[in-house]
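Colleague: One file: coords.cif (mmCIF, N, CA and C atoms and all ligand atoms).
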```cif
data_data
loop_
_atom_site.label_atom_id
_atom_site.label_comp_id
_atom_site.auth_asym_id
_atom_site.auth_seq_id
_atom_site.Cartn_x
_atom_site.Cartn_y
_atom_site.Cartn_z
N MET A 19 42.73 -6.76 4.88
CA MET A 19 42.33 -6.16 6.16
C MET A 19 41.30 -7.04 6.86
N LYS A 20 41.51 -7.28 8.12
CA LYS A 20 40.61 -8.14 8.90
C LYS A 20 39.32 -7.40 9.24
N THR A 21 38.24 -8.13 9.37
CA THR A 21 36.99 -7.52 9.81
C THR A 21 37.04 -7.29 11.31
N ALA A 22 36.12 -6.42 11.77
CA ALA A 22 36.05 -6.13 13.21
C ALA A 22 35.82 -7.42 13.99
N LYS A 23 35.01 -8.30 13.42
CA LYS A 23 34.70 -9.54 14.12
C LYS A 23 35.96 -10.40 14.27
N GLU A 24 36.76 -10.42 13.21
CA GLU A 24 38.00 -11.21 13.25
C GLU A 24 38.98 -10.61 14.26
N LYS A 25 39.02 -9.28 14.30
CA LYS A 25 39.92 -8.62 15.26
C LYS A 25 39.51 -8.92 16.70
N ILE A 26 38.19 -8.91 16.93
CA ILE A 26 37.69 -9.21 18.28
C ILE A 26 38.05 -10.64 18.66
N ALA A 27 37.88 -11.54 17.70
CA ALA A 27 38.20 -12.94 17.97
C ALA A 27 39.69 -13.09 18.28
N TYR A 28 40.52 -12.36 17.55
CA TYR A 28 41.96 -12.41 17.78
C TYR A 28 42.29 -11.91 19.18
N LEU A 29 41.64 -10.77 19.54
CA LEU A 29 41.89 -10.17 20.85
C LEU A 29 41.45 -11.10 21.98
N ARG A 30 40.27 -11.75 21.76
CA ARG A 30 39.77 -12.68 22.76
C ARG A 30 40.75 -13.85 22.92
N GLY A 31 41.34 -14.25 21.80
CA GLY A 31 42.32 -15.33 21.86
C GLY A 31 43.54 -14.95 22.69
N LEU A 32 44.00 -13.70 22.50
CA LEU A 32 45.15 -13.23 23.28
C LEU A 32 44.82 -13.22 24.76
N LEU A 33 43.60 -12.70 25.09
CA LEU A 33 43.21 -12.60 26.50
C LEU A 33 43.09 -13.98 27.13
N GLU A 34 42.42 -14.89 26.41
CA GLU A 34 42.19 -16.22 26.98
C GLU A 34 43.49 -17.01 27.06
N GLY A 35 44.42 -16.68 26.16
CA GLY A 35 45.72 -17.36 26.21
C GLY A 35 46.64 -16.79 27.28
N GLY A 36 46.17 -15.72 27.96
CA GLY A 36 46.97 -15.12 29.03
C GLY A 36 48.10 -14.28 28.51
N ASN A 37 48.11 -13.98 27.21
CA ASN A 37 49.21 -13.20 26.63
C ASN A 37 49.14 -11.72 27.00
N LEU A 38 48.00 -11.25 27.53
CA LEU A 38 47.88 -9.84 27.87
C LEU A 38 47.81 -9.64 29.39
N SER A 39 48.06 -10.71 30.13
CA SER A 39 47.90 -10.63 31.58
C SER A 39 48.95 -9.68 32.19
N GLY A 40 48.44 -8.80 33.06
CA GLY A 40 49.32 -7.93 33.82
C GLY A 40 50.17 -7.00 32.97
N LYS A 41 50.97 -6.23 33.64
CA LYS A 41 51.97 -5.37 33.01
C LYS A 41 51.35 -4.27 32.14
N ASP A 42 52.05 -3.14 32.06
CA ASP A 42 51.58 -1.99 31.29
C ASP A 42 51.53 -2.31 29.80
N SER A 43 52.48 -3.05 29.31
CA SER A 43 52.54 -3.34 27.89
C SER A 43 51.29 -4.10 27.46
N GLY A 44 50.81 -5.02 28.33
CA GLY A 44 49.60 -5.79 28.02
C GLY A 44 48.41 -4.88 27.86
N ASP A 45 48.23 -3.92 28.82
CA ASP A 45 47.11 -2.99 28.74
C ASP A 45 47.17 -2.16 27.45
N ARG A 46 48.35 -1.74 27.13
CA ARG A 46 48.56 -0.90 25.94
C ARG A 46 48.09 -1.64 24.68
N VAL A 47 48.50 -2.89 24.55
CA VAL A 47 48.12 -3.69 23.37
C VAL A 47 46.60 -3.88 23.35
N LEU A 48 46.06 -4.16 24.55
CA LEU A 48 44.62 -4.38 24.66
C LEU A 48 43.85 -3.16 24.16
N TRP A 49 44.22 -1.96 24.66
CA TRP A 49 43.49 -0.74 24.26
C TRP A 49 43.69 -0.41 22.79
N ASP A 50 44.90 -0.64 22.29
CA ASP A 50 45.15 -0.42 20.86
C ASP A 50 44.18 -1.23 20.01
N HIS A 51 44.09 -2.49 20.38
CA HIS A 51 43.21 -3.38 19.63
C HIS A 51 41.75 -2.95 19.76
N LEU A 52 41.33 -2.63 20.99
CA LEU A 52 39.93 -2.26 21.22
C LEU A 52 39.56 -1.01 20.44
N LEU A 53 40.44 0.02 20.50
CA LEU A 53 40.14 1.28 19.80
C LEU A 53 40.15 1.06 18.29
N ASP A 54 41.04 0.20 17.83
CA ASP A 54 41.08 -0.11 16.41
C ASP A 54 39.76 -0.74 15.97
N ILE A 55 39.26 -1.65 16.80
CA ILE A 55 37.98 -2.31 16.50
C ILE A 55 36.83 -1.30 16.53
N LEU A 56 36.85 -0.40 17.52
CA LEU A 56 35.80 0.62 17.61
C LEU A 56 35.81 1.52 16.38
N ASP A 57 37.03 1.87 15.90
CA ASP A 57 37.14 2.66 14.67
C ASP A 57 36.44 1.95 13.51
N ASP A 58 36.76 0.67 13.37
CA ASP A 58 36.16 -0.11 12.29
C ASP A 58 34.64 -0.10 12.40
N LEU A 59 34.15 -0.31 13.63
CA LEU A 59 32.70 -0.37 13.84
C LEU A 59 32.05 0.97 13.50
N ALA A 60 32.70 2.07 13.92
CA ALA A 60 32.14 3.39 13.65
C ALA A 60 32.05 3.64 12.15
N VAL A 61 33.11 3.29 11.42
CA VAL A 61 33.11 3.48 9.97
C VAL A 61 32.01 2.62 9.34
N ALA A 62 31.92 1.37 9.81
CA ALA A 62 30.93 0.45 9.24
C ALA A 62 29.52 0.95 9.50
N ILE A 63 29.28 1.46 10.72
CA ILE A 63 27.93 1.94 11.06
C ILE A 63 27.58 3.18 10.25
N ASN A 64 28.55 4.08 10.06
CA ASN A 64 28.31 5.27 9.23
C ASN A 64 27.91 4.87 7.82
N ALA A 65 28.65 3.92 7.26
CA ALA A 65 28.36 3.48 5.90
C ALA A 65 26.97 2.85 5.84
N LEU A 66 26.66 2.03 6.83
CA LEU A 66 25.35 1.39 6.90
C LEU A 66 24.24 2.43 6.96
N SER A 67 24.44 3.42 7.81
CA SER A 67 23.43 4.46 8.00
C SER A 67 23.17 5.21 6.71
N ALA A 68 24.27 5.55 6.00
CA ALA A 68 24.12 6.27 4.73
C ALA A 68 23.39 5.40 3.73
N ASN A 69 23.77 4.12 3.68
CA ASN A 69 23.10 3.20 2.76
C ASN A 69 21.62 3.08 3.08
N GLN A 70 21.31 3.04 4.36
CA GLN A 70 19.92 2.86 4.78
C GLN A 70 19.08 4.07 4.37
N ASP A 71 19.64 5.29 4.54
CA ASP A 71 18.92 6.49 4.12
C ASP A 71 18.62 6.43 2.63
N GLU A 72 19.65 6.06 1.88
CA GLU A 72 19.50 5.98 0.43
C GLU A 72 18.43 4.96 0.07
N LEU A 73 18.49 3.82 0.76
CA LEU A 73 17.55 2.73 0.50
C LEU A 73 16.12 3.16 0.86
N GLY A 74 16.01 3.89 1.99
CA GLY A 74 14.70 4.36 2.42
C GLY A 74 14.05 5.26 1.38
N GLU A 75 14.84 6.20 0.85
CA GLU A 75 14.31 7.09 -0.18
C GLU A 75 13.91 6.31 -1.43
N TYR A 76 14.73 5.32 -1.77
CA TYR A 76 14.46 4.52 -2.95
C TYR A 76 13.15 3.73 -2.79
N VAL A 77 12.99 3.13 -1.62
CA VAL A 77 11.77 2.34 -1.36
C VAL A 77 10.55 3.26 -1.40
N GLU A 78 10.68 4.45 -0.85
CA GLU A 78 9.56 5.40 -0.88
C GLU A 78 9.15 5.72 -2.31
N ALA A 79 10.18 5.93 -3.16
CA ALA A 79 9.91 6.24 -4.56
C ALA A 79 9.21 5.07 -5.24
N ILE A 80 9.69 3.84 -4.94
CA ILE A 80 9.07 2.65 -5.54
C ILE A 80 7.63 2.51 -5.06
N ASP A 81 7.42 2.73 -3.75
CA ASP A 81 6.08 2.60 -3.17
C ASP A 81 5.11 3.57 -3.83
N SER A 82 5.58 4.78 -4.04
CA SER A 82 4.73 5.80 -4.66
C SER A 82 4.40 5.42 -6.10
N ASP A 83 5.42 4.94 -6.83
CA ASP A 83 5.19 4.49 -8.21
C ASP A 83 4.21 3.33 -8.24
N LEU A 84 4.38 2.41 -7.28
CA LEU A 84 3.53 1.22 -7.25
C LEU A 84 2.07 1.60 -6.99
N MET A 85 1.87 2.57 -6.11
CA MET A 85 0.50 3.01 -5.83
C MET A 85 -0.16 3.56 -7.08
N GLU A 86 0.61 4.37 -7.83
CA GLU A 86 0.07 4.92 -9.07
C GLU A 86 -0.29 3.80 -10.04
N LEU A 87 0.61 2.81 -10.13
CA LEU A 87 0.36 1.67 -11.02
C LEU A 87 -0.89 0.92 -10.59
N GLU A 88 -1.02 0.66 -9.29
CA GLU A 88 -2.17 -0.09 -8.79
C GLU A 88 -3.47 0.64 -9.09
N GLU A 89 -3.43 1.96 -8.92
CA GLU A 89 -4.63 2.74 -9.22
C GLU A 89 -5.01 2.58 -10.69
N GLU A 90 -3.96 2.58 -11.56
CA GLU A 90 -4.24 2.48 -12.99
C GLU A 90 -4.74 1.10 -13.36
N VAL A 91 -4.09 0.06 -12.78
CA VAL A 91 -4.41 -1.32 -13.18
C VAL A 91 -5.69 -1.81 -12.52
N TYR A 92 -5.83 -1.55 -11.21
CA TYR A 92 -6.96 -2.12 -10.47
C TYR A 92 -8.08 -1.13 -10.21
N GLY A 93 -7.77 0.16 -10.37
CA GLY A 93 -8.76 1.17 -10.01
C GLY A 93 -10.09 0.98 -10.70
N ASP A 94 -10.08 0.82 -12.03
CA ASP A 94 -11.33 0.67 -12.77
C ASP A 94 -12.05 -0.61 -12.40
N ALA A 95 -11.27 -1.69 -12.25
CA ALA A 95 -11.88 -2.99 -11.93
C ALA A 95 -12.63 -2.91 -10.60
N ASP A 96 -12.02 -2.24 -9.62
CA ASP A 96 -12.68 -2.11 -8.32
C ASP A 96 -13.97 -1.34 -8.45
N ASP A 97 -13.93 -0.28 -9.24
CA ASP A 97 -15.15 0.52 -9.41
C ASP A 97 -16.27 -0.33 -10.01
N ASP A 98 -15.93 -1.12 -11.02
CA ASP A 98 -16.94 -1.95 -11.65
C ASP A 98 -17.53 -2.94 -10.66
N GLU A 99 -16.69 -3.39 -9.74
CA GLU A 99 -17.13 -4.43 -8.84
C GLU A 99 -18.04 -3.87 -7.75
N ASP A 100 -17.73 -2.69 -7.27
CA ASP A 100 -18.42 -2.20 -6.08
C ASP A 100 -19.48 -1.15 -6.38
N TRP A 101 -19.44 -0.55 -7.56
CA TRP A 101 -20.35 0.54 -7.86
C TRP A 101 -21.11 0.27 -9.16
N VAL A 102 -22.30 0.78 -9.19
CA VAL A 102 -23.12 0.61 -10.39
C VAL A 102 -23.49 1.99 -10.90
N GLU A 103 -23.34 2.19 -12.20
CA GLU A 103 -23.76 3.46 -12.77
C GLU A 103 -25.00 3.23 -13.63
N VAL A 104 -26.04 3.97 -13.32
CA VAL A 104 -27.31 3.81 -14.02
C VAL A 104 -27.76 5.18 -14.54
N GLU A 105 -28.32 5.20 -15.71
CA GLU A 105 -28.84 6.45 -16.24
C GLU A 105 -30.20 6.73 -15.61
N CYS A 106 -30.40 7.93 -15.16
CA CYS A 106 -31.68 8.28 -14.54
C CYS A 106 -32.80 8.19 -15.58
N PRO A 107 -33.86 7.42 -15.31
CA PRO A 107 -34.94 7.28 -16.28
C PRO A 107 -35.72 8.59 -16.47
N GLU A 108 -35.59 9.51 -15.54
CA GLU A 108 -36.34 10.77 -15.63
C GLU A 108 -35.60 11.82 -16.46
N CYS A 109 -34.30 12.02 -16.11
CA CYS A 109 -33.58 13.12 -16.77
C CYS A 109 -32.35 12.65 -17.55
N GLY A 110 -31.99 11.36 -17.45
CA GLY A 110 -30.89 10.84 -18.25
C GLY A 110 -29.51 11.04 -17.63
N GLU A 111 -29.45 11.68 -16.43
CA GLU A 111 -28.15 11.87 -15.77
C GLU A 111 -27.63 10.53 -15.26
N PRO A 112 -26.32 10.28 -15.40
CA PRO A 112 -25.77 9.05 -14.82
C PRO A 112 -25.74 9.15 -13.29
N VAL A 113 -26.27 8.11 -12.64
CA VAL A 113 -26.31 8.07 -11.18
C VAL A 113 -25.51 6.85 -10.72
N THR A 114 -24.54 7.09 -9.83
CA THR A 114 -23.69 6.00 -9.34
C THR A 114 -24.08 5.65 -7.91
N PHE A 115 -24.24 4.35 -7.65
CA PHE A 115 -24.51 3.92 -6.27
C PHE A 115 -23.88 2.56 -6.03
N GLU A 116 -23.82 2.16 -4.75
CA GLU A 116 -23.17 0.92 -4.40
C GLU A 116 -23.94 -0.27 -4.97
N GLU A 117 -23.16 -1.24 -5.50
CA GLU A 117 -23.76 -2.41 -6.12
C GLU A 117 -24.65 -3.17 -5.13
N GLY A 118 -24.27 -3.12 -3.85
CA GLY A 118 -25.04 -3.85 -2.83
C GLY A 118 -26.49 -3.42 -2.78
N PHE A 119 -26.80 -2.16 -3.15
CA PHE A 119 -28.18 -1.68 -3.13
C PHE A 119 -29.06 -2.48 -4.08
N LEU A 120 -28.47 -3.04 -5.14
CA LEU A 120 -29.24 -3.82 -6.11
C LEU A 120 -29.89 -5.04 -5.46
N TYR A 121 -29.26 -5.54 -4.40
CA TYR A 121 -29.74 -6.78 -3.79
C TYR A 121 -30.44 -6.50 -2.46
N ASP A 122 -30.70 -5.23 -2.18
CA ASP A 122 -31.40 -4.86 -0.95
C ASP A 122 -32.84 -4.49 -1.29
N ASP A 123 -33.78 -5.28 -0.78
CA ASP A 123 -35.19 -5.12 -1.16
C ASP A 123 -35.78 -3.79 -0.73
N ASP A 124 -35.26 -3.23 0.34
CA ASP A 124 -35.92 -2.07 0.93
C ASP A 124 -35.27 -0.74 0.54
N VAL A 125 -34.26 -0.81 -0.30
CA VAL A 125 -33.53 0.42 -0.61
C VAL A 125 -34.14 1.12 -1.83
N GLN A 126 -34.18 2.44 -1.75
CA GLN A 126 -34.59 3.23 -2.91
C GLN A 126 -33.49 4.22 -3.23
N VAL A 127 -33.07 4.25 -4.47
CA VAL A 127 -32.03 5.18 -4.90
C VAL A 127 -32.68 6.24 -5.78
N THR A 128 -32.44 7.50 -5.41
CA THR A 128 -33.04 8.58 -6.21
C THR A 128 -31.97 9.40 -6.89
N CYS A 129 -32.32 10.02 -7.98
CA CYS A 129 -31.40 10.84 -8.76
C CYS A 129 -31.10 12.14 -8.03
N PRO A 130 -29.82 12.48 -7.87
CA PRO A 130 -29.46 13.73 -7.19
C PRO A 130 -29.82 14.96 -8.03
N GLU A 131 -30.01 14.79 -9.31
CA GLU A 131 -30.33 15.93 -10.19
C GLU A 131 -31.81 16.29 -10.11
N CYS A 132 -32.68 15.27 -10.31
CA CYS A 132 -34.10 15.57 -10.42
C CYS A 132 -34.94 14.91 -9.34
N GLY A 133 -34.32 14.03 -8.53
CA GLY A 133 -35.08 13.36 -7.48
C GLY A 133 -35.88 12.17 -7.98
N GLY A 134 -35.77 11.86 -9.26
CA GLY A 134 -36.47 10.69 -9.81
C GLY A 134 -35.92 9.41 -9.23
N VAL A 135 -36.78 8.38 -9.21
CA VAL A 135 -36.37 7.09 -8.65
C VAL A 135 -35.51 6.34 -9.66
N VAL A 136 -34.25 6.10 -9.30
CA VAL A 136 -33.33 5.39 -10.18
C VAL A 136 -33.40 3.90 -9.92
N HIS A 137 -33.54 3.54 -8.65
CA HIS A 137 -33.62 2.11 -8.31
C HIS A 137 -34.43 1.91 -7.04
N GLN A 138 -35.31 0.90 -7.08
CA GLN A 138 -36.04 0.51 -5.89
C GLN A 138 -35.85 -0.97 -5.66
N GLY A 139 -35.89 -1.38 -4.39
CA GLY A 139 -35.78 -2.80 -4.07
C GLY A 139 -36.97 -3.57 -4.61
N GLU A 140 -36.84 -4.90 -4.60
CA GLU A 140 -37.88 -5.77 -5.17
C GLU A 140 -39.23 -5.55 -4.51
N ASN A 141 -39.24 -5.12 -3.27
CA ASN A 141 -40.50 -4.92 -2.56
C ASN A 141 -41.37 -3.87 -3.24
N PHE A 142 -40.75 -3.01 -4.02
CA PHE A 142 -41.52 -1.94 -4.68
C PHE A 142 -42.03 -2.39 -6.05
N GLN A 143 -41.60 -3.57 -6.51
CA GLN A 143 -42.03 -4.17 -7.77
C GLN A 143 -41.70 -3.29 -8.98
N ASP A 144 -40.75 -2.37 -8.79
CA ASP A 144 -40.30 -1.54 -9.91
C ASP A 144 -38.93 -2.00 -10.41
N TYR A 145 -38.51 -3.14 -9.89
CA TYR A 145 -37.14 -3.61 -10.14
C TYR A 145 -36.85 -3.72 -11.63
N ASP A 146 -37.78 -4.20 -12.43
CA ASP A 146 -37.52 -4.43 -13.86
C ASP A 146 -37.31 -3.13 -14.62
N GLU A 147 -37.92 -2.09 -14.17
CA GLU A 147 -37.78 -0.81 -14.88
C GLU A 147 -36.31 -0.38 -14.96
N LEU A 148 -35.54 -0.78 -13.95
CA LEU A 148 -34.11 -0.44 -13.92
C LEU A 148 -33.43 -0.91 -15.20
N PHE A 149 -33.88 -2.08 -15.69
CA PHE A 149 -33.21 -2.66 -16.86
C PHE A 149 -33.96 -2.36 -18.16
N ASP A 150 -35.11 -1.74 -18.08
CA ASP A 150 -35.89 -1.46 -19.27
C ASP A 150 -35.69 -0.04 -19.79
N TYR A 151 -35.18 0.82 -18.93
CA TYR A 151 -35.17 2.24 -19.31
C TYR A 151 -34.36 2.51 -20.56
N GLU A 152 -33.29 1.69 -20.79
CA GLU A 152 -32.44 1.94 -21.96
C GLU A 152 -33.25 1.81 -23.25
N ASP A 153 -34.13 0.79 -23.30
CA ASP A 153 -34.97 0.60 -24.48
C ASP A 153 -35.90 1.80 -24.66
N GLU A 154 -36.42 2.29 -23.55
CA GLU A 154 -37.31 3.44 -23.62
C GLU A 154 -36.58 4.66 -24.20
N ASP A 155 -35.33 4.84 -23.74
CA ASP A 155 -34.54 5.96 -24.25
C ASP A 155 -34.35 5.85 -25.75
N ASP A 156 -34.00 4.61 -26.20
CA ASP A 156 -33.77 4.41 -27.63
C ASP A 156 -35.02 4.76 -28.43
N GLU A 157 -36.18 4.34 -27.91
CA GLU A 157 -37.43 4.64 -28.62
C GLU A 157 -37.65 6.14 -28.72
N ASP A 158 -37.30 6.88 -27.60
CA ASP A 158 -37.52 8.32 -27.59
C ASP A 158 -36.66 9.00 -28.66
N GLU A 159 -35.39 8.51 -28.79
CA GLU A 159 -34.49 9.16 -29.74
C GLU A 159 -34.94 8.92 -31.17
N GLU A 160 -35.50 7.74 -31.44
CA GLU A 160 -35.86 7.41 -32.82
C GLU A 160 -37.24 7.91 -33.22
ZN ZN A 201 -32.72 12.46 -12.82
#
```
Translate the structure of the given file into structure tokens.

Modeller:
Amino acid sequence: MKTAKEKIAYLRGLLEGGNLSGKDSGDRVLWDHLLDILDDLAVAINALSANQDELGEYVEAIDSDLMELEEEVYGDADDDEDWVEVECPECGEPVTFEEGFLYDDDVQVTCPECGGVVHQGENFQDYDELFDYEDEDDEDEE
């Protein structure tokens, strides 16, 4: 079976060769061919449309799966990169804040539980305490 494109090319050849010029029989052949080609195109477009719907659903499913995978694979790494978790030196609650605050001299981070100072910028000269509190905790437990 010829493709629609081949049929069109054949029809164009007949027209350009003058084989369909004039007369009722010529018109009849022309319309037969044209409608035949339109049938083929309609069937082809229907099939394409159905395939596209199927493909769209499939891609959506893949996209959703991929998002879940990315969250699992990269989620933790991103958290480590952008967020810092510090134990509150006052009450021991874990306090999470943006890593950028560590390098901001004027920022003070306080514990949401007790209001204790979890982190202060270098200007407050308490910067070292942020890294010493763990030792203090260990001493308290022992
Ligand atoms: Zn606290």

Colleague: Ranking A:Gln70, A:Thr114, A:Pro107, A:His137 by minimum distance to ligand ZN 201 (chain A) and counting only C-alpha atoms and all ligand atoms, which one comes first?

Modeller: A:Pro107

Colleague: I'd like the interatomic distance between atom CA of Leu48 of chain A and atom CA of Ala62 of chain A, to a tenth of an Å.

Modeller: 21.2 Å

Colleague: Using only C-alpha atoms and all ligand atoms, what does the table of chain A residues within 6 Å of ligand ZN 201 (chain A) look like, with each row giving the shortest atom pair and its distance in Å to one decimal, sorted by chain and ascending number, as JSON lines?

Modeller:
```
{"residue": "A:Cys106", "atom": "CA", "partner": "A:ZN201", "partner_atom": "ZN", "distance": 4.6}
{"residue": "A:Glu108", "atom": "CA", "partner": "A:ZN201", "partner_atom": "ZN", "distance": 4.9}
{"residue": "A:Cys109", "atom": "CA", "partner": "A:ZN201", "partner_atom": "ZN", "distance": 4.1}
{"residue": "A:Gly110", "atom": "CA", "partner": "A:ZN201", "partner_atom": "ZN", "distance": 6.0}
{"residue": "A:Glu111", "atom": "CA", "partner": "A:ZN201", "partner_atom": "ZN", "distance": 5.5}
{"residue": "A:Cys129", "atom": "CA", "partner": "A:ZN201", "partner_atom": "ZN", "distance": 4.6}
{"residue": "A:Glu131", "atom": "CA", "partner": "A:ZN201", "partner_atom": "ZN", "distance": 5.0}
{"residue": "A:Cys132", "atom": "CA", "partner": "A:ZN201", "partner_atom": "ZN", "distance": 4.2}
{"residue": "A:Gly133", "atom": "CA", "partner": "A:ZN201", "partner_atom": "ZN", "distance": 5.9}
{"residue": "A:Gly134", "atom": "CA", "partner": "A:ZN201", "partner_atom": "ZN", "distance": 5.1}
```

Colleague: Let's see if you can do this: from backbone DSSP, list all strand (DSSP E or B) residues in segment 70-108 of chain A, as an MDAnalysis selection string.

Modeller: chainID A and resid 101:105

Colleague: Between A:Asp81, A:Glu34, A:Asp100, A:Glu140, which is the closest to Gly118 of chain A once you count only N, CA and C atoms?

Modeller: A:Asp100

Colleague: Atom CA of Val102 of chain A to atom CA of Leu84 of chain A: how many Å, to one decimal?

Modeller: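 If I compute the distance from atom CA of Val102 of chain A to atom CA of Leu84 of chain A, I get 26.8 Å.
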
Colleague: Taking all listed atoms of segment 130-143 of chain A, build the axis-aligned box, pad each of the six sides by 8 Å, then write its centre and edge lengths in Å to one decimal as AutoDock Vina command-line options.

Modeller:
```
--center_x -35.7 --center_y 5.3 --center_z -6.5 --size_x 28.6 --size_y 38.1 --size_z 23.9
```

Colleague: For a quick check of your reading of the model, name the residues lying within 9 Å of the coordinate (-31.9, -7.2, -7.9), counting only C-alpha atoms, and write them as a short mmCIF file (atom, residue, chain, number, x, y, z; two decimals) with N, CA and C atoms, in the frame of the given file.

Modeller:
```cif
data_model
loop_
_atom_site.label_atom_id
_atom_site.label_comp_id
_atom_site.auth_asym_id
_atom_site.auth_seq_id
_atom_site.Cartn_x
_atom_site.Cartn_y
_atom_site.Cartn_z
N PHE A 119 -26.80 -2.16 -3.15
CA PHE A 119 -28.18 -1.68 -3.13
C PHE A 119 -29.06 -2.48 -4.08
N LEU A 120 -28.47 -3.04 -5.14
CA LEU A 120 -29.24 -3.82 -6.11
C LEU A 120 -29.89 -5.04 -5.46
N TYR A 121 -29.26 -5.54 -4.40
CA TYR A 121 -29.74 -6.78 -3.79
C TYR A 121 -30.44 -6.50 -2.46
N ASP A 122 -30.70 -5.23 -2.18
CA ASP A 122 -31.40 -4.86 -0.95
C ASP A 122 -32.84 -4.49 -1.29
N ASP A 123 -33.78 -5.28 -0.78
CA ASP A 123 -35.19 -5.12 -1.16
C ASP A 123 -35.78 -3.79 -0.73
N GLN A 138 -35.31 0.90 -7.08
CA GLN A 138 -36.04 0.51 -5.89
C GLN A 138 -35.85 -0.97 -5.66
N GLY A 139 -35.89 -1.38 -4.39
CA GLY A 139 -35.78 -2.80 -4.07
C GLY A 139 -36.97 -3.57 -4.61
N GLU A 140 -36.84 -4.90 -4.60
CA GLU A 140 -37.88 -5.77 -5.17
C GLU A 140 -39.23 -5.55 -4.51
N TYR A 145 -38.51 -3.14 -9.89
CA TYR A 145 -37.14 -3.61 -10.14
C TYR A 145 -36.85 -3.72 -11.63
N ASP A 146 -37.78 -4.20 -12.43
CA ASP A 146 -37.52 -4.43 -13.86
C ASP A 146 -37.31 -3.13 -14.62
#
```

Colleague: Kindly give the distance, in Å, that separates atom CA of Asn64 of chain A and atom C of Ile26 of chain A, rounded to a single decimal.

Modeller: 20.9 Å

Colleague: Need to verify the contact set: Val113 of chain A, 5 Å, all atoms listed in the file, exclusion of same-chain residues closer than 3 positions in sequence. Can you return it as a PDB file with N, CA and C atoms, in the coordinates of the input?

Modeller:
```pdb
ATOM      1  N   GLU A 103     -23.340   2.190 -12.200  1.00  0.00           N
ATOM      2  CA  GLU A 103     -23.760   3.460 -12.770  1.00  0.00           C
ATOM      3  C   GLU A 103     -25.000   3.230 -13.630  1.00  0.00           C
ATOM      4  N   VAL A 104     -26.040   3.970 -13.320  1.00  0.00           N
ATOM      5  CA  VAL A 104     -27.310   3.810 -14.020  1.00  0.00           C
ATOM      6  C   VAL A 104     -27.760   5.180 -14.540  1.00  0.00           C
ATOM      7  N   GLU A 105     -28.320   5.200 -15.710  1.00  0.00           N
ATOM      8  CA  GLU A 105     -28.840   6.450 -16.240  1.00  0.00           C
ATOM      9  C   GLU A 105     -30.200   6.730 -15.610  1.00  0.00           C
ATOM     10  N   CYS A 106     -30.400   7.930 -15.160  1.00  0.00           N
ATOM     11  CA  CYS A 106     -31.680   8.280 -14.540  1.00  0.00           C
ATOM     12  C   CYS A 106     -32.800   8.190 -15.580  1.00  0.00           C
TER      13      CYS A 106
END
```
